[in-house]
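Participant: Following this line is coords.cif, made up of mmCIF, N, CA and C atoms:
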data_coords
loop_
_atom_site.group_PDB
_atom_site.id
_atom_site.type_symbol
_atom_site.label_atom_id
_atom_site.label_comp_id
_atom_site.auth_asym_id
_atom_site.auth_seq_id
_atom_site.Cartn_x
_atom_site.Cartn_y
_atom_site.Cartn_z
ATOM 1 N N MET L 1 -39.393 72.120 139.311
ATOM 2 C CA MET L 1 -39.643 73.548 139.402
ATOM 3 C C MET L 1 -40.542 73.976 138.239
ATOM 4 N N VAL L 2 -41.548 74.774 138.524
ATOM 5 C CA VAL L 2 -42.484 75.226 137.513
ATOM 6 C C VAL L 2 -41.909 76.454 136.800
ATOM 7 N N ASN L 3 -41.981 76.455 135.475
ATOM 8 C CA ASN L 3 -41.503 77.586 134.689
ATOM 9 C C ASN L 3 -42.503 78.733 134.802
ATOM 10 N N THR L 4 -42.057 79.862 135.353
ATOM 11 C CA THR L 4 -42.950 81.006 135.540
ATOM 12 C C THR L 4 -42.765 82.058 134.465
ATOM 13 N N LYS L 5 -41.835 81.843 133.533
ATOM 14 C CA LYS L 5 -41.574 82.826 132.488
ATOM 15 C C LYS L 5 -41.710 82.205 131.103
ATOM 16 N N LEU L 6 -41.993 83.056 130.162
ATOM 17 C CA LEU L 6 -41.993 82.651 128.755
ATOM 18 C C LEU L 6 -40.621 82.960 128.171
ATOM 19 N N SER L 7 -40.229 82.211 127.169
ATOM 20 C CA SER L 7 -38.981 82.518 126.471
ATOM 21 C C SER L 7 -39.173 83.790 125.652
ATOM 22 N N ILE L 8 -38.076 84.397 125.278
ATOM 23 C CA ILE L 8 -38.138 85.587 124.422
ATOM 24 C C ILE L 8 -38.836 85.241 123.110
ATOM 25 N N GLU L 9 -38.582 84.038 122.583
ATOM 26 C CA GLU L 9 -39.242 83.609 121.351
ATOM 27 C C GLU L 9 -40.752 83.489 121.558
ATOM 28 N N GLY L 10 -41.144 82.971 122.722
ATOM 29 C CA GLY L 10 -42.567 82.853 123.046
ATOM 30 C C GLY L 10 -43.239 84.211 123.160
ATOM 31 N N ILE L 11 -42.552 85.152 123.800
ATOM 32 C CA ILE L 11 -43.067 86.520 123.920
ATOM 33 C C ILE L 11 -43.243 87.130 122.533
ATOM 34 N N ALA L 12 -42.249 86.951 121.674
ATOM 35 C CA ALA L 12 -42.312 87.516 120.320
ATOM 36 C C ALA L 12 -43.473 86.918 119.526
ATOM 37 N N LYS L 13 -43.722 85.617 119.679
ATOM 38 C CA LYS L 13 -44.849 84.978 118.979
ATOM 39 C C LYS L 13 -46.183 85.563 119.431
ATOM 40 N N ILE L 14 -46.294 85.832 120.727
ATOM 41 C CA ILE L 14 -47.542 86.406 121.230
ATOM 42 C C ILE L 14 -47.721 87.826 120.714
ATOM 43 N N PHE L 15 -46.660 88.631 120.749
ATOM 44 C CA PHE L 15 -46.761 89.983 120.201
ATOM 45 C C PHE L 15 -47.159 89.939 118.725
ATOM 46 N N LYS L 16 -46.557 89.025 117.973
ATOM 47 C CA LYS L 16 -46.899 88.896 116.552
ATOM 48 C C LYS L 16 -48.366 88.495 116.389
ATOM 49 N N ALA L 17 -48.799 87.528 117.191
ATOM 50 C CA ALA L 17 -50.188 87.066 117.098
ATOM 51 C C ALA L 17 -51.166 88.183 117.433
ATOM 52 N N LEU L 18 -50.793 89.060 118.349
ATOM 53 C CA LEU L 18 -51.673 90.161 118.740
ATOM 54 C C LEU L 18 -51.477 91.391 117.862
ATOM 55 N N GLY L 19 -50.725 91.236 116.776
ATOM 56 C CA GLY L 19 -50.423 92.345 115.885
ATOM 57 C C GLY L 19 -51.480 92.614 114.830
ATOM 58 N N HIS L 20 -52.642 91.996 114.946
ATOM 59 C CA HIS L 20 -53.725 92.221 113.990
ATOM 60 C C HIS L 20 -55.012 92.471 114.769
ATOM 61 N N PRO L 21 -55.768 93.498 114.399
ATOM 62 C CA PRO L 21 -56.986 93.830 115.145
ATOM 63 C C PRO L 21 -57.984 92.686 115.293
ATOM 64 N N THR L 22 -58.133 91.872 114.273
ATOM 65 C CA THR L 22 -59.088 90.768 114.359
ATOM 66 C C THR L 22 -58.644 89.753 115.403
ATOM 67 N N ARG L 23 -57.346 89.468 115.459
ATOM 68 C CA ARG L 23 -56.858 88.510 116.458
ATOM 69 C C ARG L 23 -57.010 89.076 117.869
ATOM 70 N N VAL L 24 -56.790 90.371 118.030
ATOM 71 C CA VAL L 24 -57.007 91.001 119.338
ATOM 72 C C VAL L 24 -58.473 90.869 119.730
ATOM 73 N N LYS L 25 -59.378 91.093 118.781
ATOM 74 C CA LYS L 25 -60.810 90.974 119.064
ATOM 75 C C LYS L 25 -61.193 89.545 119.429
ATOM 76 N N ILE L 26 -60.600 88.570 118.766
ATOM 77 C CA ILE L 26 -60.869 87.165 119.088
ATOM 78 C C ILE L 26 -60.425 86.873 120.516
ATOM 79 N N VAL L 27 -59.219 87.313 120.873
ATOM 80 C CA VAL L 27 -58.709 87.086 122.228
ATOM 81 C C VAL L 27 -59.587 87.797 123.252
ATOM 82 N N GLU L 28 -59.949 89.047 122.977
ATOM 83 C CA GLU L 28 -60.828 89.780 123.890
ATOM 84 C C GLU L 28 -62.147 89.048 124.089
ATOM 85 N N HIS L 29 -62.692 88.522 122.999
ATOM 86 C CA HIS L 29 -63.956 87.793 123.090
ATOM 87 C C HIS L 29 -63.808 86.546 123.957
ATOM 88 N N LEU L 30 -62.739 85.784 123.744
ATOM 89 C CA LEU L 30 -62.527 84.567 124.519
ATOM 90 C C LEU L 30 -62.306 84.884 126.002
ATOM 91 N N ILE L 31 -61.618 85.979 126.287
ATOM 92 C CA ILE L 31 -61.419 86.384 127.682
ATOM 93 C C ILE L 31 -62.756 86.805 128.288
ATOM 94 N N LYS L 32 -63.534 87.569 127.544
ATOM 95 C CA LYS L 32 -64.807 88.099 128.038
ATOM 96 C C LYS L 32 -65.789 86.979 128.386
ATOM 97 N N ILE L 33 -65.907 85.997 127.508
ATOM 98 C CA ILE L 33 -66.887 84.937 127.771
ATOM 99 C C ILE L 33 -66.376 83.924 128.793
ATOM 100 N N ASP L 34 -65.064 83.907 129.011
ATOM 101 C CA ASP L 34 -64.422 83.039 130.005
ATOM 102 C C ASP L 34 -64.843 81.579 129.870
ATOM 103 N N SER L 35 -64.943 81.133 128.628
ATOM 104 C CA SER L 35 -65.225 79.724 128.364
ATOM 105 C C SER L 35 -64.736 79.405 126.958
ATOM 106 N N CYS L 36 -64.837 78.161 126.606
ATOM 107 C CA CYS L 36 -64.423 77.739 125.270
ATOM 108 C C CYS L 36 -65.528 78.019 124.265
ATOM 109 N N VAL L 37 -65.125 78.312 123.049
ATOM 110 C CA VAL L 37 -66.066 78.570 121.967
ATOM 111 C C VAL L 37 -65.907 77.473 120.934
ATOM 112 N N CYS L 38 -67.014 76.843 120.582
ATOM 113 C CA CYS L 38 -66.986 75.763 119.592
ATOM 114 C C CYS L 38 -67.736 76.192 118.337
ATOM 115 N N GLY L 39 -67.016 76.554 117.312
ATOM 116 C CA GLY L 39 -67.628 76.819 116.022
ATOM 117 C C GLY L 39 -68.310 78.147 115.824
ATOM 118 N N GLU L 40 -68.593 78.895 116.873
ATOM 119 C CA GLU L 40 -69.358 80.127 116.683
ATOM 120 C C GLU L 40 -68.503 81.358 116.433
ATOM 121 N N ILE L 41 -67.197 81.249 116.492
ATOM 122 C CA ILE L 41 -66.331 82.405 116.263
ATOM 123 C C ILE L 41 -66.580 82.985 114.883
ATOM 124 N N VAL L 42 -66.792 82.144 113.899
ATOM 125 C CA VAL L 42 -67.038 82.611 112.531
ATOM 126 C C VAL L 42 -68.300 83.476 112.470
ATOM 127 N N ASN L 43 -69.294 83.159 113.285
ATOM 128 C CA ASN L 43 -70.547 83.916 113.279
ATOM 129 C C ASN L 43 -70.423 85.267 113.966
ATOM 130 N N ILE L 44 -69.386 85.471 114.748
ATOM 131 C CA ILE L 44 -69.204 86.706 115.506
ATOM 132 C C ILE L 44 -68.548 87.791 114.656
ATOM 133 N N PHE L 45 -67.689 87.392 113.738
ATOM 134 C CA PHE L 45 -66.918 88.344 112.949
ATOM 135 C C PHE L 45 -67.333 88.296 111.486
ATOM 136 N N PRO L 46 -67.244 89.429 110.810
ATOM 137 C CA PRO L 46 -67.678 89.490 109.402
ATOM 138 C C PRO L 46 -66.605 89.011 108.415
ATOM 139 N N PHE L 47 -66.036 87.848 108.694
ATOM 140 C CA PHE L 47 -64.991 87.308 107.832
ATOM 141 C C PHE L 47 -65.323 85.862 107.485
ATOM 142 N N SER L 48 -64.691 85.376 106.449
ATOM 143 C CA SER L 48 -64.932 83.999 106.013
ATOM 144 C C SER L 48 -64.334 83.008 107.000
ATOM 145 N N GLN L 49 -64.792 81.770 106.892
ATOM 146 C CA GLN L 49 -64.277 80.678 107.714
ATOM 147 C C GLN L 49 -62.765 80.549 107.555
ATOM 148 N N SER L 50 -62.279 80.652 106.326
ATOM 149 C CA SER L 50 -60.839 80.473 106.097
ATOM 150 C C SER L 50 -60.023 81.596 106.738
ATOM 151 N N THR L 51 -60.542 82.821 106.703
ATOM 152 C CA THR L 51 -59.834 83.949 107.320
ATOM 153 C C THR L 51 -59.768 83.777 108.828
ATOM 154 N N ILE L 52 -60.887 83.428 109.447
ATOM 155 C CA ILE L 52 -60.909 83.209 110.897
ATOM 156 C C ILE L 52 -59.998 82.038 111.262
ATOM 157 N N SER L 53 -59.999 80.995 110.456
ATOM 158 C CA SER L 53 -59.128 79.838 110.712
ATOM 159 C C SER L 53 -57.659 80.234 110.695
ATOM 160 N N GLN L 54 -57.278 81.101 109.760
ATOM 161 C CA GLN L 54 -55.889 81.567 109.694
ATOM 162 C C GLN L 54 -55.530 82.359 110.947
ATOM 163 N N HIS L 55 -56.437 83.225 111.396
ATOM 164 C CA HIS L 55 -56.188 84.000 112.618
ATOM 165 C C HIS L 55 -56.077 83.073 113.828
ATOM 166 N N LEU L 56 -56.968 82.097 113.919
ATOM 167 C CA LEU L 56 -56.930 81.161 115.037
ATOM 168 C C LEU L 56 -55.651 80.330 115.022
ATOM 169 N N LYS L 57 -55.171 79.971 113.840
ATOM 170 C CA LYS L 57 -53.930 79.207 113.741
ATOM 171 C C LYS L 57 -52.767 80.006 114.322
ATOM 172 N N LEU L 58 -52.671 81.285 113.981
ATOM 173 C CA LEU L 58 -51.591 82.111 114.528
ATOM 174 C C LEU L 58 -51.720 82.245 116.047
ATOM 175 N N LEU L 59 -52.943 82.399 116.534
ATOM 176 C CA LEU L 59 -53.155 82.495 117.975
ATOM 177 C C LEU L 59 -52.780 81.183 118.667
ATOM 178 N N LYS L 60 -53.116 80.062 118.034
ATOM 179 C CA LYS L 60 -52.741 78.762 118.592
ATOM 180 C C LYS L 60 -51.221 78.576 118.568
ATOM 181 N N ASP L 61 -50.588 78.959 117.473
ATOM 182 C CA ASP L 61 -49.133 78.821 117.357
ATOM 183 C C ASP L 61 -48.396 79.638 118.416
ATOM 184 N N SER L 62 -49.003 80.758 118.832
ATOM 185 C CA SER L 62 -48.380 81.600 119.857
ATOM 186 C C SER L 62 -48.564 81.013 121.250
ATOM 187 N N GLY L 63 -49.544 80.118 121.391
ATOM 188 C CA GLY L 63 -49.813 79.503 122.685
ATOM 189 C C GLY L 63 -50.880 80.203 123.501
ATOM 190 N N ILE L 64 -51.311 81.375 123.078
ATOM 191 C CA ILE L 64 -52.285 82.131 123.865
ATOM 192 C C ILE L 64 -53.691 81.545 123.759
ATOM 193 N N VAL L 65 -53.931 80.807 122.674
ATOM 194 C CA VAL L 65 -55.217 80.121 122.479
ATOM 195 C C VAL L 65 -54.906 78.660 122.205
ATOM 196 N N HIS L 66 -55.743 77.780 122.716
ATOM 197 C CA HIS L 66 -55.585 76.370 122.354
ATOM 198 C C HIS L 66 -56.926 75.847 121.865
ATOM 199 N N GLY L 67 -56.851 74.860 121.003
ATOM 200 C CA GLY L 67 -58.059 74.286 120.423
ATOM 201 C C GLY L 67 -58.131 72.804 120.698
ATOM 202 N N GLU L 68 -59.318 72.358 121.040
ATOM 203 C CA GLU L 68 -59.544 70.936 121.281
ATOM 204 C C GLU L 68 -60.666 70.474 120.366
ATOM 205 N N ILE L 69 -60.465 69.333 119.742
ATOM 206 C CA ILE L 69 -61.473 68.797 118.833
ATOM 207 C C ILE L 69 -62.609 68.198 119.651
ATOM 208 N N ALA L 70 -63.823 68.648 119.325
ATOM 209 C CA ALA L 70 -65.033 68.146 119.996
ATOM 210 C C ALA L 70 -66.008 67.739 118.901
ATOM 211 N N GLY L 71 -65.936 66.474 118.517
ATOM 212 C CA GLY L 71 -66.780 66.003 117.418
ATOM 213 C C GLY L 71 -66.332 66.649 116.125
ATOM 214 N N PRO L 72 -67.275 67.200 115.358
ATOM 215 C CA PRO L 72 -66.910 67.815 114.079
ATOM 216 C C PRO L 72 -66.366 69.234 114.225
ATOM 217 N N LYS L 73 -66.346 69.770 115.439
ATOM 218 C CA LYS L 73 -65.908 71.152 115.661
ATOM 219 C C LYS L 73 -64.647 71.188 116.511
ATOM 220 N N THR L 74 -63.976 72.323 116.468
ATOM 221 C CA THR L 74 -62.851 72.571 117.354
ATOM 222 C C THR L 74 -63.271 73.654 118.330
ATOM 223 N N CYS L 75 -63.019 73.410 119.615
ATOM 224 C CA CYS L 75 -63.354 74.378 120.654
ATOM 225 C C CYS L 75 -62.093 75.170 120.994
ATOM 226 N N TYR L 76 -62.215 76.492 121.004
ATOM 227 C CA TYR L 76 -61.082 77.366 121.263
ATOM 228 C C TYR L 76 -61.221 78.028 122.619
ATOM 229 N N CYS L 77 -60.109 78.040 123.365
ATOM 230 C CA CYS L 77 -60.068 78.623 124.701
ATOM 231 C C CYS L 77 -58.781 79.426 124.864
ATOM 232 N N ILE L 78 -58.833 80.392 125.764
ATOM 233 C CA ILE L 78 -57.631 81.121 126.156
ATOM 234 C C ILE L 78 -56.809 80.221 127.071
ATOM 235 N N ASP L 79 -55.511 80.216 126.886
ATOM 236 C CA ASP L 79 -54.632 79.523 127.823
ATOM 237 C C ASP L 79 -54.298 80.533 128.921
ATOM 238 N N LYS L 80 -54.985 80.429 130.040
ATOM 239 C CA LYS L 80 -54.862 81.421 131.114
ATOM 240 C C LYS L 80 -53.456 81.462 131.707
ATOM 241 N N ASP L 81 -52.769 80.336 131.718
ATOM 242 C CA ASP L 81 -51.402 80.305 132.237
ATOM 243 C C ASP L 81 -50.469 81.121 131.342
ATOM 244 N N ILE L 82 -50.555 80.894 130.046
ATOM 245 C CA ILE L 82 -49.726 81.651 129.095
ATOM 246 C C ILE L 82 -50.090 83.131 129.147
ATOM 247 N N LEU L 83 -51.379 83.431 129.201
ATOM 248 C CA LEU L 83 -51.826 84.819 129.268
ATOM 249 C C LEU L 83 -51.269 85.511 130.513
ATOM 250 N N GLN L 84 -51.266 84.826 131.652
ATOM 251 C CA GLN L 84 -50.730 85.401 132.887
ATOM 252 C C GLN L 84 -49.231 85.638 132.781
ATOM 253 N N LYS L 85 -48.513 84.685 132.189
ATOM 254 C CA LYS L 85 -47.064 84.860 132.004
ATOM 255 C C LYS L 85 -46.780 86.047 131.086
ATOM 256 N N PHE L 86 -47.583 86.198 130.035
ATOM 257 C CA PHE L 86 -47.419 87.325 129.122
ATOM 258 C C PHE L 86 -47.724 88.638 129.851
ATOM 259 N N LYS L 87 -48.783 88.645 130.631
ATOM 260 C CA LYS L 87 -49.147 89.832 131.407
ATOM 261 C C LYS L 87 -48.008 90.212 132.358
ATOM 262 N N ASN L 88 -47.433 89.227 133.035
ATOM 263 C CA ASN L 88 -46.308 89.487 133.932
ATOM 264 C C ASN L 88 -45.143 90.104 133.184
ATOM 265 N N TYR L 89 -44.872 89.600 131.985
ATOM 266 C CA TYR L 89 -43.778 90.148 131.181
ATOM 267 C C TYR L 89 -44.063 91.598 130.807
ATOM 268 N N VAL L 90 -45.265 91.869 130.323
ATOM 269 C CA VAL L 90 -45.612 93.230 129.899
ATOM 270 C C VAL L 90 -45.536 94.200 131.082
ATOM 271 N N GLN L 91 -45.894 93.744 132.260
ATOM 272 C CA GLN L 91 -45.832 94.608 133.442
ATOM 273 C C GLN L 91 -44.408 95.014 133.800
ATOM 274 N N THR L 92 -43.404 94.272 133.329
ATOM 275 C CA THR L 92 -42.029 94.658 133.599
ATOM 276 C C THR L 92 -41.665 95.959 132.897
ATOM 277 N N PHE L 93 -42.433 96.333 131.880
ATOM 278 C CA PHE L 93 -42.178 97.598 131.201
ATOM 279 C C PHE L 93 -42.416 98.786 132.134
ATOM 280 N N ASN L 94 -43.345 98.644 133.068
ATOM 281 C CA ASN L 94 -43.635 99.708 134.018
ATOM 282 C C ASN L 94 -42.541 99.855 135.079
ATOM 283 N N THR L 95 -41.923 98.755 135.425
ATOM 284 C CA THR L 95 -40.923 98.790 136.490
ATOM 285 C C THR L 95 -39.528 99.058 135.973
ATOM 286 N N GLY L 96 -39.338 98.827 134.685
ATOM 287 C CA GLY L 96 -38.011 99.001 134.108
ATOM 288 C C GLY L 96 -37.080 97.844 134.414
ATOM 289 N N LYS L 97 -37.603 96.822 135.067
ATOM 290 C CA LYS L 97 -36.793 95.655 135.413
ATOM 291 C C LYS L 97 -37.091 94.518 134.444
ATOM 292 N N SER L 98 -36.055 93.868 133.977
ATOM 293 C CA SER L 98 -36.237 92.713 133.101
ATOM 294 C C SER L 98 -36.385 91.478 133.962
ATOM 295 N N GLU L 99 -37.269 90.548 133.533
ATOM 296 C CA GLU L 99 -37.443 89.301 134.287
ATOM 297 C C GLU L 99 -36.304 88.362 134.039
#
Write out the structure in this file as structure tokens.
Facilitator:
Amino acid sequence: MVNTKLSIEGIAKIFKALGHPTRVKIVEHLIKIDSCVCGEIVNIFPFSQSTISQHLKLLKDSGIVHGEIAGPKTCYCIDKDILQKFKNYVQTFNTGKSE
């Protein structure tokens, strides 16, 4: 059976990861381009490599973003399955029903 829900801990990690404007912007960018980004995230935002790396680490730890090593760079992508599960959870707020 396929797990269609995230754990409460998983939901909390995603909310925490999305609790900073820069991380929200990174996620929005990855969703908008609908592909993986290799190394250019640092060039998009006015922050240092180390700051962007810290934000990406939190996003990866939450599961909403995953990174794959491609040569000397890491390519970052949205995990569409996790994003859909999170979206389904958030939509329960409108119905008043808990999943």
Participant: Looking only at the backbone, which of the residues in chain L does DSSP tag as alpha helix (DSSP H), as a ChimeraX atom specification?
Facilitator: /L:8-17,21-33,41-44,49-62,80-95
Participant: Interatomic distance between CA of Asp79 (chain L) and CA of His66 (chain L)?
Facilitator: 6.4 Å
Participant: Just to confirm, what's the straight-line distance from CA of Leu59 (chain L) to CA of Ile14 (chain L) in Å (one decimal)?
Facilitator: 7.6 Å
Participant: Please run DSSP on the backbone and report, as a PyMOL selection string, all residues within chain L that come out as strand (DSSP E).
Facilitator: chain L and resi 37-38+65-70+73-78
Participant: Any idea what's packed within 7 Å of region 23-32 of chain L, counting all atoms listed in the file, ignoring anything in its chain fewer than 2 positions away? Could you give it as a short mmCIF file (atom, residue, chain, number, x, y, z; two decimals) with N, CA and C atoms, in the frame of the given file?
Facilitator:
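Saved result, result39.cif, follows:
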data_model
loop_
_atom_site.label_atom_id
_atom_site.label_comp_id
_atom_site.auth_asym_id
_atom_site.auth_seq_id
_atom_site.Cartn_x
_atom_site.Cartn_y
_atom_site.Cartn_z
N ALA L 17 -48.80 87.53 117.19
CA ALA L 17 -50.19 87.07 117.10
C ALA L 17 -51.17 88.18 117.43
N LEU L 18 -50.79 89.06 118.35
CA LEU L 18 -51.67 90.16 118.74
C LEU L 18 -51.48 91.39 117.86
N GLY L 19 -50.72 91.24 116.78
CA GLY L 19 -50.42 92.34 115.88
C GLY L 19 -51.48 92.61 114.83
N HIS L 20 -52.64 92.00 114.95
CA HIS L 20 -53.72 92.22 113.99
C HIS L 20 -55.01 92.47 114.77
N PRO L 21 -55.77 93.50 114.40
CA PRO L 21 -56.99 93.83 115.14
C PRO L 21 -57.98 92.69 115.29
N ASP L 34 -65.06 83.91 129.01
CA ASP L 34 -64.42 83.04 130.00
C ASP L 34 -64.84 81.58 129.87
N SER L 35 -64.94 81.13 128.63
CA SER L 35 -65.22 79.72 128.36
C SER L 35 -64.74 79.40 126.96
N VAL L 37 -65.12 78.31 123.05
CA VAL L 37 -66.07 78.57 121.97
C VAL L 37 -65.91 77.47 120.93
N HIS L 55 -56.44 83.22 111.40
CA HIS L 55 -56.19 84.00 112.62
C HIS L 55 -56.08 83.07 113.83
N LEU L 56 -56.97 82.10 113.92
CA LEU L 56 -56.93 81.16 115.04
C LEU L 56 -55.65 80.33 115.02
N TYR L 76 -62.22 76.49 121.00
CA TYR L 76 -61.08 77.37 121.26
C TYR L 76 -61.22 78.03 122.62
N CYS L 77 -60.11 78.04 123.36
CA CYS L 77 -60.07 78.62 124.70
C CYS L 77 -58.78 79.43 124.86
N ILE L 78 -58.83 80.39 125.76
CA ILE L 78 -57.63 81.12 126.16
C ILE L 78 -56.81 80.22 127.07
#
Participant: Taking the file above as input, evaluate the PyMOL selection byres ((chain L and resi 39) around 7) and report the hits as a list in words.
Facilitator: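 Output of the PyMOL selection byres ((chain L and resi 39) around 7): Val37, Cys38, Glu40, Ile41, Val42, Asn43, Lys73, Thr74, Cys75 and Tyr76 of chain L.
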Participant: Can you tell me, as a list in words, what residues are no more than 12 Å from Phe15 (chain L) when counting only C-alpha atoms, ignoring any on the same chain fewer than 3 positions away?
Facilitator: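 Listing them by chain and then by number gives Ile8, Glu9, Gly10, Ile11, Ala12, Leu18, Gly19, His20, Arg23, Val24, Leu58, Leu59, Asp61, Ser62, Gly63, Ile64, Leu83, Phe86, Lys87, Tyr89 and Val90 of chain L.
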Participant: Figure out the distance between CA of Ile33 (chain L) and CA of Lys13 (chain L), please, to one decimal in Å.
Facilitator: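 Separating CA of Lys13 (chain L) from CA of Ile33 (chain L) is a distance of 23.7 Å.
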Participant: For Asp81 (chain L), which of L:Thr95, L:Val65, L:Lys57, L:Phe47 is the closest residue, counting only C-alpha atoms?
Facilitator: L:Val65
Participant: Here is a test: counting only C-alpha atoms, which residue of L:Phe93, L:Gln84, L:Cys36, L:Ile44 is nearest to Gly67 (chain L)?
Facilitator: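 Among L:Phe93, L:Gln84, L:Cys36, L:Ile44, it is L:Cys36 that comes nearest to Gly67 (chain L).
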Participant: Using only C-alpha atoms, find the one residue out of L:Ile69, L:Ser48, L:Thr22, L:Lys60 that sits nearest to Ile82 (chain L).
Facilitator: L:Lys60
Participant: Could the centre and edge lengths of an axis-aligned box, enclosing all atoms of region 12-31 of chain L in the file with 6 Å extra on each side, be given in Å to one decimal as lines of an AutoDock Vina configuration file?
Facilitator:
center_x = -53.1
center_y = 89.2
center_z = 121.1
size_x = 33.7
size_y = 21.3
size_z = 26.3
